[in-house]
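This is work-v1.txt (compact mmCIF, N, CA and C atoms).
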```txt
# COMPACT_ATOMS: atom_id res chain seq x y z
N MET A 1 177.83 75.58 116.35
CA MET A 1 177.14 76.85 116.55
C MET A 1 175.66 76.67 116.19
N SER A 2 174.82 77.29 116.99
CA SER A 2 173.37 77.24 116.80
C SER A 2 172.83 78.65 116.71
N ARG A 3 171.65 78.77 116.15
CA ARG A 3 170.96 80.07 116.12
C ARG A 3 169.83 80.04 117.13
N VAL A 4 169.70 81.15 117.87
CA VAL A 4 168.65 81.29 118.87
C VAL A 4 167.91 82.60 118.62
N PHE A 5 166.59 82.56 118.68
CA PHE A 5 165.74 83.74 118.54
C PHE A 5 165.28 84.15 119.92
N VAL A 6 165.63 85.37 120.33
CA VAL A 6 165.19 85.88 121.64
C VAL A 6 164.15 86.98 121.41
N TYR A 7 163.13 87.00 122.24
CA TYR A 7 161.98 87.90 122.06
C TYR A 7 161.64 88.66 123.33
N GLY A 8 162.33 88.38 124.43
CA GLY A 8 161.95 88.97 125.72
C GLY A 8 163.09 89.68 126.41
N THR A 9 163.38 89.27 127.62
CA THR A 9 164.35 89.99 128.46
C THR A 9 165.79 89.83 128.01
N LEU A 10 166.07 88.96 127.03
CA LEU A 10 167.44 88.78 126.53
C LEU A 10 167.75 89.69 125.34
N LYS A 11 166.75 90.41 124.82
CA LYS A 11 166.97 91.31 123.69
C LYS A 11 167.81 92.52 124.11
N LYS A 12 168.34 93.21 123.11
CA LYS A 12 169.08 94.46 123.36
C LYS A 12 168.19 95.44 124.12
N GLY A 13 168.78 96.09 125.13
CA GLY A 13 168.05 97.09 125.90
C GLY A 13 167.16 96.51 126.99
N GLN A 14 167.15 95.19 127.15
CA GLN A 14 166.29 94.55 128.13
C GLN A 14 167.11 94.03 129.32
N PRO A 15 166.45 93.72 130.44
CA PRO A 15 167.15 93.46 131.70
C PRO A 15 168.15 92.31 131.70
N ASN A 16 167.97 91.30 130.84
CA ASN A 16 168.89 90.16 130.86
C ASN A 16 169.81 90.10 129.65
N HIS A 17 169.84 91.15 128.85
CA HIS A 17 170.68 91.14 127.65
C HIS A 17 172.16 90.93 128.01
N PHE A 18 172.59 91.46 129.14
CA PHE A 18 174.00 91.32 129.53
C PHE A 18 174.43 89.86 129.64
N ARG A 19 173.48 88.98 129.89
CA ARG A 19 173.81 87.56 130.03
C ARG A 19 174.27 86.94 128.71
N MET A 20 173.87 87.54 127.60
CA MET A 20 174.30 87.04 126.29
C MET A 20 175.79 87.28 126.06
N PHE A 21 176.37 88.20 126.82
CA PHE A 21 177.76 88.57 126.58
C PHE A 21 178.64 88.45 127.81
N ALA A 22 178.15 87.79 128.86
CA ALA A 22 178.98 87.50 130.02
C ALA A 22 179.89 86.35 129.60
N GLY A 23 181.16 86.60 129.50
CA GLY A 23 182.12 85.64 128.94
C GLY A 23 182.05 84.25 129.54
N THR A 24 181.68 84.14 130.79
CA THR A 24 181.63 82.82 131.42
C THR A 24 180.46 81.99 130.93
N ASN A 25 179.48 82.59 130.25
CA ASN A 25 178.30 81.86 129.78
C ASN A 25 178.50 81.24 128.41
N GLY A 26 179.56 81.61 127.71
CA GLY A 26 179.77 81.16 126.34
C GLY A 26 179.77 82.36 125.42
N LYS A 27 179.65 82.08 124.12
CA LYS A 27 179.74 83.16 123.13
C LYS A 27 178.42 83.32 122.38
N ALA A 28 178.09 84.59 122.11
CA ALA A 28 176.90 84.92 121.33
C ALA A 28 177.27 86.04 120.36
N GLU A 29 176.72 85.96 119.17
CA GLU A 29 176.94 86.99 118.16
C GLU A 29 175.59 87.38 117.57
N PHE A 30 175.28 88.67 117.60
CA PHE A 30 174.03 89.17 117.01
C PHE A 30 174.10 89.01 115.50
N LEU A 31 173.04 88.41 114.92
CA LEU A 31 172.98 88.23 113.48
C LEU A 31 171.96 89.14 112.81
N ALA A 32 170.75 89.24 113.42
CA ALA A 32 169.69 89.96 112.72
C ALA A 32 168.50 90.19 113.64
N SER A 33 167.69 91.18 113.28
CA SER A 33 166.37 91.29 113.88
C SER A 33 165.41 90.55 112.95
N ALA A 34 164.37 89.97 113.54
CA ALA A 34 163.47 89.13 112.74
C ALA A 34 162.10 89.10 113.39
N VAL A 35 161.16 88.50 112.68
CA VAL A 35 159.79 88.31 113.15
C VAL A 35 159.39 86.87 112.83
N THR A 36 158.61 86.26 113.71
CA THR A 36 158.19 84.89 113.46
C THR A 36 157.35 84.83 112.18
N ALA A 37 157.53 83.77 111.42
CA ALA A 37 156.74 83.59 110.20
C ALA A 37 155.28 83.31 110.55
N GLU A 38 155.06 82.59 111.65
CA GLU A 38 153.71 82.30 112.14
C GLU A 38 153.38 83.18 113.33
N LYS A 39 152.10 83.27 113.63
CA LYS A 39 151.66 83.97 114.84
C LYS A 39 151.85 83.05 116.05
N TYR A 40 152.19 83.67 117.18
CA TYR A 40 152.26 82.99 118.47
C TYR A 40 151.77 83.96 119.53
N PRO A 41 151.15 83.46 120.61
CA PRO A 41 150.80 84.35 121.71
C PRO A 41 152.03 84.66 122.57
N LEU A 42 152.45 85.91 122.57
CA LEU A 42 153.48 86.40 123.48
C LEU A 42 152.74 87.13 124.58
N VAL A 43 152.79 86.58 125.79
CA VAL A 43 152.05 87.14 126.92
C VAL A 43 153.02 87.49 128.05
N ILE A 44 152.58 88.37 128.91
CA ILE A 44 153.33 88.71 130.12
C ILE A 44 152.52 88.14 131.28
N ALA A 45 153.14 87.22 132.03
CA ALA A 45 152.34 86.48 133.01
C ALA A 45 153.15 86.13 134.25
N GLY A 46 152.41 85.62 135.23
CA GLY A 46 153.01 85.20 136.49
C GLY A 46 153.27 86.38 137.41
N ARG A 47 153.60 86.08 138.64
CA ARG A 47 153.78 87.16 139.60
C ARG A 47 155.04 87.99 139.36
N HIS A 48 155.93 87.50 138.47
CA HIS A 48 157.15 88.25 138.17
C HIS A 48 157.08 88.94 136.80
N ASN A 49 155.90 88.88 136.18
CA ASN A 49 155.67 89.53 134.88
C ASN A 49 156.71 89.12 133.84
N ILE A 50 156.82 87.82 133.64
CA ILE A 50 157.77 87.25 132.70
C ILE A 50 157.11 87.15 131.32
N PRO A 51 157.87 87.49 130.25
CA PRO A 51 157.32 87.28 128.91
C PRO A 51 157.39 85.79 128.54
N PHE A 52 156.27 85.24 128.12
CA PHE A 52 156.18 83.84 127.71
C PHE A 52 155.69 83.78 126.27
N LEU A 53 156.36 83.00 125.46
CA LEU A 53 155.86 82.69 124.12
C LEU A 53 155.17 81.33 124.24
N LEU A 54 153.84 81.34 124.14
CA LEU A 54 153.08 80.11 124.26
C LEU A 54 153.18 79.33 122.96
N ASN A 55 153.46 78.05 123.06
CA ASN A 55 153.62 77.23 121.86
C ASN A 55 152.25 76.85 121.31
N ILE A 56 151.58 77.88 120.79
CA ILE A 56 150.26 77.71 120.16
C ILE A 56 150.36 78.40 118.79
N PRO A 57 151.00 77.74 117.80
CA PRO A 57 151.15 78.37 116.48
C PRO A 57 149.80 78.75 115.89
N GLY A 58 149.79 79.89 115.20
CA GLY A 58 148.57 80.34 114.53
C GLY A 58 147.70 81.27 115.36
N ARG A 59 148.02 81.42 116.66
CA ARG A 59 147.27 82.33 117.53
C ARG A 59 148.18 83.47 117.94
N GLY A 60 147.60 84.60 118.30
CA GLY A 60 148.39 85.73 118.76
C GLY A 60 148.85 86.61 117.62
N ARG A 61 150.14 86.93 117.63
CA ARG A 61 150.71 87.86 116.64
C ARG A 61 152.05 87.33 116.16
N ARG A 62 152.53 87.88 115.06
CA ARG A 62 153.90 87.59 114.65
C ARG A 62 154.80 88.33 115.64
N VAL A 63 155.76 87.64 116.20
CA VAL A 63 156.56 88.16 117.31
C VAL A 63 157.92 88.64 116.81
N HIS A 64 158.27 89.85 117.21
CA HIS A 64 159.56 90.46 116.85
C HIS A 64 160.63 90.12 117.88
N GLY A 65 161.85 89.91 117.38
CA GLY A 65 162.96 89.62 118.27
C GLY A 65 164.28 89.67 117.53
N GLU A 66 165.27 88.98 118.08
CA GLU A 66 166.64 89.03 117.56
C GLU A 66 167.20 87.62 117.43
N ILE A 67 167.97 87.42 116.36
CA ILE A 67 168.63 86.13 116.13
C ILE A 67 170.10 86.27 116.53
N TYR A 68 170.57 85.30 117.31
CA TYR A 68 171.97 85.24 117.73
C TYR A 68 172.55 83.89 117.32
N ARG A 69 173.82 83.90 116.95
CA ARG A 69 174.56 82.65 116.78
C ARG A 69 175.26 82.41 118.10
N VAL A 70 175.08 81.22 118.68
CA VAL A 70 175.66 80.92 119.99
C VAL A 70 176.46 79.63 119.91
N ASP A 71 177.49 79.55 120.76
CA ASP A 71 178.26 78.31 120.84
C ASP A 71 177.56 77.33 121.79
N ASP A 72 178.11 76.13 121.89
CA ASP A 72 177.48 75.09 122.72
C ASP A 72 177.39 75.50 124.19
N ALA A 73 178.42 76.19 124.69
CA ALA A 73 178.40 76.63 126.10
C ALA A 73 177.26 77.61 126.34
N MET A 74 177.05 78.56 125.43
CA MET A 74 175.96 79.53 125.58
C MET A 74 174.61 78.83 125.45
N LEU A 75 174.50 77.87 124.56
CA LEU A 75 173.24 77.14 124.41
C LEU A 75 172.92 76.39 125.71
N ARG A 76 173.90 75.77 126.32
CA ARG A 76 173.68 75.09 127.60
C ARG A 76 173.27 76.11 128.68
N PHE A 77 173.96 77.27 128.69
CA PHE A 77 173.60 78.31 129.65
C PHE A 77 172.15 78.75 129.44
N LEU A 78 171.76 79.02 128.20
CA LEU A 78 170.40 79.48 127.92
C LEU A 78 169.36 78.41 128.28
N ASP A 79 169.68 77.15 128.01
CA ASP A 79 168.76 76.08 128.41
C ASP A 79 168.53 76.11 129.92
N ASP A 80 169.61 76.28 130.67
CA ASP A 80 169.51 76.34 132.12
C ASP A 80 168.77 77.62 132.56
N PHE A 81 169.13 78.75 131.99
CA PHE A 81 168.51 80.03 132.32
C PHE A 81 167.01 80.01 132.07
N GLU A 82 166.61 79.37 130.97
CA GLU A 82 165.20 79.32 130.59
C GLU A 82 164.44 78.16 131.24
N GLY A 83 165.13 77.36 132.04
CA GLY A 83 164.45 76.29 132.76
C GLY A 83 163.97 75.15 131.87
N VAL A 84 164.78 74.78 130.88
CA VAL A 84 164.45 73.66 129.99
C VAL A 84 164.69 72.36 130.76
N PRO A 85 163.79 71.41 130.78
CA PRO A 85 162.51 71.36 130.06
C PRO A 85 161.30 71.71 130.92
N ALA A 86 161.49 72.06 132.18
CA ALA A 86 160.35 72.27 133.08
C ALA A 86 159.52 73.50 132.73
N MET A 87 160.19 74.62 132.45
CA MET A 87 159.47 75.87 132.20
C MET A 87 159.30 76.14 130.70
N TYR A 88 160.39 76.00 129.96
CA TYR A 88 160.38 76.23 128.52
C TYR A 88 160.89 75.00 127.79
N GLN A 89 160.58 74.93 126.51
CA GLN A 89 161.15 73.94 125.61
C GLN A 89 161.85 74.70 124.50
N ARG A 90 162.94 74.14 124.02
CA ARG A 90 163.67 74.75 122.90
C ARG A 90 163.22 74.05 121.63
N THR A 91 162.58 74.82 120.73
CA THR A 91 162.08 74.26 119.48
C THR A 91 162.50 75.16 118.33
N LEU A 92 162.47 74.61 117.12
CA LEU A 92 162.80 75.40 115.93
C LEU A 92 161.58 76.19 115.48
N VAL A 93 161.84 77.42 115.02
CA VAL A 93 160.78 78.28 114.51
C VAL A 93 161.29 78.95 113.24
N LYS A 94 160.38 79.16 112.28
CA LYS A 94 160.73 79.89 111.05
C LYS A 94 160.60 81.38 111.31
N LEU A 95 161.58 82.13 110.78
CA LEU A 95 161.65 83.58 111.00
C LEU A 95 161.87 84.31 109.70
N GLU A 96 161.28 85.50 109.61
CA GLU A 96 161.53 86.40 108.48
C GLU A 96 162.50 87.48 108.96
N VAL A 97 163.65 87.58 108.30
CA VAL A 97 164.68 88.54 108.69
C VAL A 97 164.25 89.94 108.29
N LYS A 98 164.37 90.88 109.23
CA LYS A 98 164.02 92.28 108.99
C LYS A 98 165.27 93.13 108.72
N GLU A 99 166.25 93.05 109.62
CA GLU A 99 167.51 93.79 109.47
C GLU A 99 168.65 92.85 109.82
N SER A 100 169.72 92.95 109.05
CA SER A 100 170.86 92.06 109.26
C SER A 100 172.05 92.85 109.78
N ALA A 101 172.92 92.17 110.50
CA ALA A 101 174.15 92.80 111.01
C ALA A 101 175.23 92.84 109.94
N GLY A 102 174.90 92.51 108.71
CA GLY A 102 175.86 92.62 107.64
C GLY A 102 176.19 91.32 106.94
N ARG A 103 175.94 90.20 107.58
CA ARG A 103 176.17 88.91 106.96
C ARG A 103 174.84 88.19 106.82
N ALA A 104 174.91 86.99 106.26
CA ALA A 104 173.71 86.17 106.17
C ALA A 104 173.20 85.87 107.57
N PRO A 105 171.94 85.81 107.79
CA PRO A 105 170.86 85.96 106.81
C PRO A 105 170.64 87.43 106.43
N SER A 106 170.05 87.62 105.26
CA SER A 106 169.81 88.97 104.74
C SER A 106 168.34 89.35 104.92
N PRO A 107 168.05 90.66 104.92
CA PRO A 107 166.65 91.09 105.02
C PRO A 107 165.78 90.42 103.96
N GLY A 108 164.63 89.94 104.39
CA GLY A 108 163.71 89.24 103.51
C GLY A 108 163.89 87.73 103.52
N ASP A 109 165.06 87.25 103.95
CA ASP A 109 165.29 85.80 104.03
C ASP A 109 164.36 85.18 105.06
N VAL A 110 163.99 83.94 104.83
CA VAL A 110 163.31 83.13 105.83
C VAL A 110 164.33 82.11 106.32
N THR A 111 164.51 82.05 107.63
CA THR A 111 165.50 81.17 108.23
C THR A 111 164.89 80.50 109.45
N GLU A 112 165.64 79.61 110.07
CA GLU A 112 165.17 78.94 111.27
C GLU A 112 166.14 79.21 112.42
N ALA A 113 165.59 79.21 113.61
CA ALA A 113 166.40 79.34 114.83
C ALA A 113 165.63 78.68 115.96
N PHE A 114 166.35 78.34 117.01
CA PHE A 114 165.70 77.83 118.21
C PHE A 114 165.00 78.98 118.92
N VAL A 115 163.87 78.67 119.52
CA VAL A 115 163.14 79.62 120.34
C VAL A 115 162.75 78.91 121.63
N TYR A 116 162.70 79.66 122.71
CA TYR A 116 162.24 79.12 123.98
C TYR A 116 160.76 79.47 124.13
N SER A 117 159.93 78.43 124.01
CA SER A 117 158.48 78.60 124.15
C SER A 117 158.00 77.63 125.20
N THR A 118 156.75 77.78 125.58
CA THR A 118 156.23 76.90 126.63
C THR A 118 154.89 76.29 126.27
N THR A 119 154.74 75.03 126.65
CA THR A 119 153.45 74.36 126.56
C THR A 119 152.88 74.17 127.96
N THR A 120 153.63 74.64 128.96
CA THR A 120 153.22 74.52 130.37
C THR A 120 152.85 75.91 130.88
N TYR A 121 151.55 76.16 131.02
CA TYR A 121 151.11 77.50 131.45
C TYR A 121 149.74 77.38 132.11
N GLN A 122 149.36 78.44 132.77
CA GLN A 122 148.07 78.49 133.45
C GLN A 122 146.94 78.54 132.41
N PRO A 123 145.78 77.99 132.74
CA PRO A 123 144.67 77.92 131.78
C PRO A 123 144.23 79.28 131.23
N ASP A 124 144.39 80.35 132.01
CA ASP A 124 143.94 81.66 131.54
C ASP A 124 144.97 82.39 130.67
N TRP A 125 146.20 81.90 130.59
CA TRP A 125 147.24 82.62 129.84
C TRP A 125 146.91 82.82 128.37
N PRO A 126 146.31 81.84 127.65
CA PRO A 126 145.99 82.10 126.24
C PRO A 126 144.99 83.24 126.04
N SER A 127 144.25 83.62 127.08
CA SER A 127 143.29 84.72 126.94
C SER A 127 143.88 86.07 127.37
N LEU A 128 145.16 86.08 127.82
CA LEU A 128 145.81 87.33 128.18
C LEU A 128 146.10 88.16 126.93
N PRO A 129 146.29 89.49 127.08
CA PRO A 129 146.67 90.30 125.92
C PRO A 129 147.98 89.79 125.31
N THR A 130 148.02 89.77 123.99
CA THR A 130 149.24 89.34 123.29
C THR A 130 150.01 90.55 122.80
N HIS A 131 151.31 90.35 122.62
CA HIS A 131 152.21 91.44 122.21
C HIS A 131 153.00 90.98 120.99
N GLU A 132 153.32 91.91 120.12
CA GLU A 132 154.19 91.55 118.99
C GLU A 132 155.65 91.84 119.32
N SER A 133 155.87 92.66 120.33
CA SER A 133 157.23 92.97 120.75
C SER A 133 157.21 93.21 122.25
N TYR A 134 158.23 92.68 122.94
CA TYR A 134 158.31 92.84 124.39
C TYR A 134 159.29 93.93 124.75
N ASP A 135 158.90 94.76 125.72
CA ASP A 135 159.79 95.75 126.32
C ASP A 135 159.47 95.77 127.81
N ALA A 136 160.47 95.48 128.63
CA ALA A 136 160.26 95.43 130.09
C ALA A 136 159.72 96.75 130.62
N HIS A 137 159.97 97.84 129.89
CA HIS A 137 159.55 99.17 130.32
C HIS A 137 158.41 99.70 129.46
N GLY A 138 157.69 98.80 128.79
CA GLY A 138 156.64 99.19 127.86
C GLY A 138 155.40 99.74 128.55
N ASP A 139 154.47 100.17 127.73
CA ASP A 139 153.25 100.79 128.25
C ASP A 139 152.25 99.77 128.79
N HIS A 140 152.61 98.50 128.84
CA HIS A 140 151.73 97.47 129.39
C HIS A 140 151.59 97.60 130.91
N GLY A 141 152.52 98.31 131.56
CA GLY A 141 152.42 98.55 133.00
C GLY A 141 152.74 97.35 133.88
N LEU A 142 153.33 96.30 133.29
CA LEU A 142 153.66 95.09 134.03
C LEU A 142 155.18 95.02 134.21
N GLY A 143 155.65 95.53 135.33
CA GLY A 143 157.09 95.61 135.58
C GLY A 143 157.73 94.25 135.80
N TYR A 144 158.72 93.93 134.99
CA TYR A 144 159.45 92.68 135.11
C TYR A 144 160.23 92.66 136.43
N VAL A 145 160.18 91.52 137.11
CA VAL A 145 160.94 91.34 138.35
C VAL A 145 162.14 90.47 138.04
N ALA A 146 163.34 91.05 138.12
CA ALA A 146 164.57 90.32 137.82
C ALA A 146 164.77 89.19 138.84
N ARG A 147 165.50 88.18 138.43
CA ARG A 147 165.75 87.03 139.31
C ARG A 147 166.31 87.44 140.66
N GLU A 148 167.18 88.41 140.64
CA GLU A 148 167.81 88.87 141.88
C GLU A 148 166.80 89.51 142.84
N GLY A 149 165.66 89.96 142.32
CA GLY A 149 164.65 90.62 143.15
C GLY A 149 163.47 89.74 143.53
N ARG A 150 163.55 88.44 143.18
CA ARG A 150 162.45 87.52 143.50
C ARG A 150 162.66 86.87 144.84
N ASP A 151 161.55 86.56 145.51
CA ASP A 151 161.66 85.87 146.81
C ASP A 151 161.46 84.39 146.69
```
Rewrite the structure from the file as structure tokens, please.
Amino acid sequence: MSRVFVYGTLKKGQPNHFRMFAGTNGKAEFLASAVTAEKYPLVIAGRHNIPFLLNIPGRGRRVHGEIYRVDDAMLRFLDDFEGVPAMYQRTLVKLEVKESAGRAPSPGDVTEAFVYSTTTYQPDWPSLPTHESYDAHGDHGLGYVAREGRD
């Protein structure tokens, strides 16, 4: 079992959250809400308005998201879904736990989990507005285009 930190469309209430619990993808269990210990640029970019966490530690904002415990099948699914290694890379990140689902980790704990971030991006992306939390329906006005709606 591995821990994964999701910050974009896989979070609760977001367009791809259902994929975390589609039985054919493997198993996922919500553990906690958390925030990155370091700042990272979370930007919305590309013609499909995808949230990207740029692997530039120390820039941007502390990013809010959710920690899940996943089995090997779900980890393989997420690697494929996130386009590892071409689009994203899976790396470890330190997180500060905000709210727990009742078990460890507990609020205030610092823990580690895998995050999908990218070092492959357009030159102007680091200058885009950064976000501390992603919501596909947020006031940023950049509507996410689901995979099924892309050409």
Between A:Ala32, A:His137, A:Thr119, A:Ser127, which residue has the minimum interatomic distance to Glu99 of chain A, considering only N, CA and C atoms?
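Of the candidates, the smallest distance to Glu99 of chain A is held by A:Ala32.
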What parts of segment 59-135 of chain A does DSSP call strand (DSSP E)? I'd like the answer as JSON, numbers by chain.
{"A": [61, 62, 63, 64, 65, 66, 67, 68, 69, 70, 89, 90, 91, 92, 93, 94, 95, 96, 97, 98, 99, 100, 110, 111, 112, 113, 114, 115, 116, 117]}
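With atom CA of Met87 of chain A on one side and atom N of Leu128 of chain A on the other, the separation reads 18.1 Å.
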Please indicate the distance in Å from atom CA of Asn49 of chain A to atom CA of Ser117 of chain A, rounded to one decimal place.
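Atom CA of Ser117 of chain A lies at a distance of 15.6 Å from atom CA of Asn49 of chain A.
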Non-local contacts of segment 35-42 of chain A (6.5 Å; all atoms listed in the file; under 5 positions in same chain excluded) as a ChimeraX atom specification:
/A:51-65,93-98,129-132
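Reported to one decimal place, the separation of atom N of Met1 of chain A from atom C of Glu66 of chain A is 16.1 Å.
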Put a box with edges along x, y and z around all the listed atoms of segment 24-37 of chain A, pad it by 3 Å on each side, then give me its centre and sizes in Å, one decimal, as AutoDock Vina command-line options.
```
--center_x 168.5 --center_y 86.2 --center_z 120.8 --size_x 32.4 --size_y 16.1 --size_z 27.2
```
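Of the listed residues (A:Ile50, A:Gly23, A:Thr111, A:Arg76), A:Ile50 comes nearest to Leu142 of chain A; the distances count only N, CA and C atoms.
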What's the 7 Å shell around segment 3-20 of chain A, counting all atoms listed in the file, without same-chain residues fewer than 2 positions away, as number ranges by chain?
A: 1, 22-23, 25-28, 51, 63-70, 112-116, 133-136
Which is closer to Pro85 of chain A than all the others in A:Ser33, A:Thr118, A:Ser100, A:Thr24, using only C-alpha atoms?
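Of A:Ser33, A:Thr118, A:Ser100, A:Thr24, the one nearest Pro85 of chain A is A:Thr118, counting only C-alpha atoms.
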Alpha helix (DSSP H) per DSSP on the backbone: members of segment 28-101 of chain A, as a compact mmCIF listing (two decimals) with N, CA and C atoms, in the frame of the given file:
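Okay, this is what ended up in out-v8.txt:
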```txt
# COMPACT_ATOMS: atom_id res chain seq x y z
N ASP A 72 178.11 76.13 121.89
CA ASP A 72 177.48 75.09 122.72
C ASP A 72 177.39 75.50 124.19
N ALA A 73 178.42 76.19 124.69
CA ALA A 73 178.40 76.63 126.10
C ALA A 73 177.26 77.61 126.34
N MET A 74 177.05 78.56 125.43
CA MET A 74 175.96 79.53 125.58
C MET A 74 174.61 78.83 125.45
N LEU A 75 174.50 77.87 124.56
CA LEU A 75 173.24 77.14 124.41
C LEU A 75 172.92 76.39 125.71
N ARG A 76 173.90 75.77 126.32
CA ARG A 76 173.68 75.09 127.60
C ARG A 76 173.27 76.11 128.68
N PHE A 77 173.96 77.27 128.69
CA PHE A 77 173.60 78.31 129.65
C PHE A 77 172.15 78.75 129.44
N LEU A 78 171.76 79.02 128.20
CA LEU A 78 170.40 79.48 127.92
C LEU A 78 169.36 78.41 128.28
N ASP A 79 169.68 77.15 128.01
CA ASP A 79 168.76 76.08 128.41
C ASP A 79 168.53 76.11 129.92
N ASP A 80 169.61 76.28 130.67
CA ASP A 80 169.51 76.34 132.12
C ASP A 80 168.77 77.62 132.56
N PHE A 81 169.13 78.75 131.99
CA PHE A 81 168.51 80.03 132.32
C PHE A 81 167.01 80.01 132.07
```
Generate N, CA, C and O atoms for segment 33-49 of chain A and emit them as a PDB file, keeping the file's coordinate frame.
```
ATOM      1  N   SER A  33     167.690  91.180 113.280  1.00  0.00           N
ATOM      2  CA  SER A  33     166.370  91.290 113.880  1.00  0.00           C
ATOM      3  C   SER A  33     165.410  90.550 112.950  1.00  0.00           C
ATOM      4  O   SER A  33     165.627  90.499 111.731  1.00  0.00           O
ATOM      5  N   ALA A  34     164.370  89.970 113.540  1.00  0.00           N
ATOM      6  CA  ALA A  34     163.470  89.130 112.740  1.00  0.00           C
ATOM      7  C   ALA A  34     162.100  89.100 113.390  1.00  0.00           C
ATOM      8  O   ALA A  34     161.898  89.587 114.505  1.00  0.00           O
ATOM      9  N   VAL A  35     161.160  88.500 112.680  1.00  0.00           N
ATOM     10  CA  VAL A  35     159.790  88.310 113.150  1.00  0.00           C
ATOM     11  C   VAL A  35     159.390  86.870 112.830  1.00  0.00           C
ATOM     12  O   VAL A  35     159.814  86.317 111.808  1.00  0.00           O
ATOM     13  N   THR A  36     158.610  86.260 113.710  1.00  0.00           N
ATOM     14  CA  THR A  36     158.190  84.890 113.460  1.00  0.00           C
ATOM     15  C   THR A  36     157.350  84.830 112.180  1.00  0.00           C
ATOM     16  O   THR A  36     156.562  85.734 111.905  1.00  0.00           O
ATOM     17  N   ALA A  37     157.530  83.770 111.420  1.00  0.00           N
ATOM     18  CA  ALA A  37     156.740  83.590 110.200  1.00  0.00           C
ATOM     19  C   ALA A  37     155.280  83.310 110.550  1.00  0.00           C
ATOM     20  O   ALA A  37     154.382  83.744 109.839  1.00  0.00           O
ATOM     21  N   GLU A  38     155.060  82.590 111.650  1.00  0.00           N
ATOM     22  CA  GLU A  38     153.710  82.300 112.140  1.00  0.00           C
ATOM     23  C   GLU A  38     153.380  83.180 113.330  1.00  0.00           C
ATOM     24  O   GLU A  38     154.279  83.705 113.984  1.00  0.00           O
ATOM     25  N   LYS A  39     152.100  83.270 113.630  1.00  0.00           N
ATOM     26  CA  LYS A  39     151.660  83.970 114.840  1.00  0.00           C
ATOM     27  C   LYS A  39     151.850  83.050 116.050  1.00  0.00           C
ATOM     28  O   LYS A  39     151.672  81.831 115.939  1.00  0.00           O
ATOM     29  N   TYR A  40     152.190  83.670 117.180  1.00  0.00           N
ATOM     30  CA  TYR A  40     152.260  82.990 118.470  1.00  0.00           C
ATOM     31  C   TYR A  40     151.770  83.960 119.530  1.00  0.00           C
ATOM     32  O   TYR A  40     151.993  85.168 119.416  1.00  0.00           O
ATOM     33  N   PRO A  41     151.150  83.460 120.610  1.00  0.00           N
ATOM     34  CA  PRO A  41     150.800  84.350 121.710  1.00  0.00           C
ATOM     35  C   PRO A  41     152.030  84.660 122.570  1.00  0.00           C
ATOM     36  O   PRO A  41     152.610  83.753 123.160  1.00  0.00           O
ATOM     37  N   LEU A  42     152.450  85.910 122.570  1.00  0.00           N
ATOM     38  CA  LEU A  42     153.480  86.400 123.480  1.00  0.00           C
ATOM     39  C   LEU A  42     152.740  87.130 124.580  1.00  0.00           C
ATOM     40  O   LEU A  42     152.089  88.146 124.328  1.00  0.00           O
ATOM     41  N   VAL A  43     152.790  86.580 125.790  1.00  0.00           N
ATOM     42  CA  VAL A  43     152.050  87.140 126.920  1.00  0.00           C
ATOM     43  C   VAL A  43     153.020  87.490 128.050  1.00  0.00           C
ATOM     44  O   VAL A  43     154.124  86.961 128.113  1.00  0.00           O
ATOM     45  N   ILE A  44     152.580  88.370 128.910  1.00  0.00           N
ATOM     46  CA  ILE A  44     153.330  88.710 130.120  1.00  0.00           C
ATOM     47  C   ILE A  44     152.520  88.140 131.280  1.00  0.00           C
ATOM     48  O   ILE A  44     151.363  88.513 131.456  1.00  0.00           O
ATOM     49  N   ALA A  45     153.140  87.220 132.030  1.00  0.00           N
ATOM     50  CA  ALA A  45     152.340  86.480 133.010  1.00  0.00           C
ATOM     51  C   ALA A  45     153.150  86.130 134.250  1.00  0.00           C
ATOM     52  O   ALA A  45     154.364  86.289 134.300  1.00  0.00           O
ATOM     53  N   GLY A  46     152.410  85.620 135.230  1.00  0.00           N
ATOM     54  CA  GLY A  46     153.010  85.200 136.490  1.00  0.00           C
ATOM     55  C   GLY A  46     153.270  86.380 137.410  1.00  0.00           C
ATOM     56  O   GLY A  46     153.180  87.541 137.000  1.00  0.00           O
ATOM     57  N   ARG A  47     153.600  86.080 138.640  1.00  0.00           N
ATOM     58  CA  ARG A  47     153.780  87.160 139.600  1.00  0.00           C
ATOM     59  C   ARG A  47     155.040  87.990 139.360  1.00  0.00           C
ATOM     60  O   ARG A  47     155.187  89.065 139.925  1.00  0.00           O
ATOM     61  N   HIS A  48     155.930  87.500 138.470  1.00  0.00           N
ATOM     62  CA  HIS A  48     157.150  88.250 138.170  1.00  0.00           C
ATOM     63  C   HIS A  48     157.080  88.940 136.800  1.00  0.00           C
ATOM     64  O   HIS A  48     158.056  89.498 136.324  1.00  0.00           O
ATOM     65  N   ASN A  49     155.900  88.880 136.180  1.00  0.00           N
ATOM     66  CA  ASN A  49     155.670  89.530 134.880  1.00  0.00           C
ATOM     67  C   ASN A  49     156.710  89.120 133.840  1.00  0.00           C
ATOM     68  O   ASN A  49     157.368  89.946 133.221  1.00  0.00           O
TER      69      ASN A  49
END
```
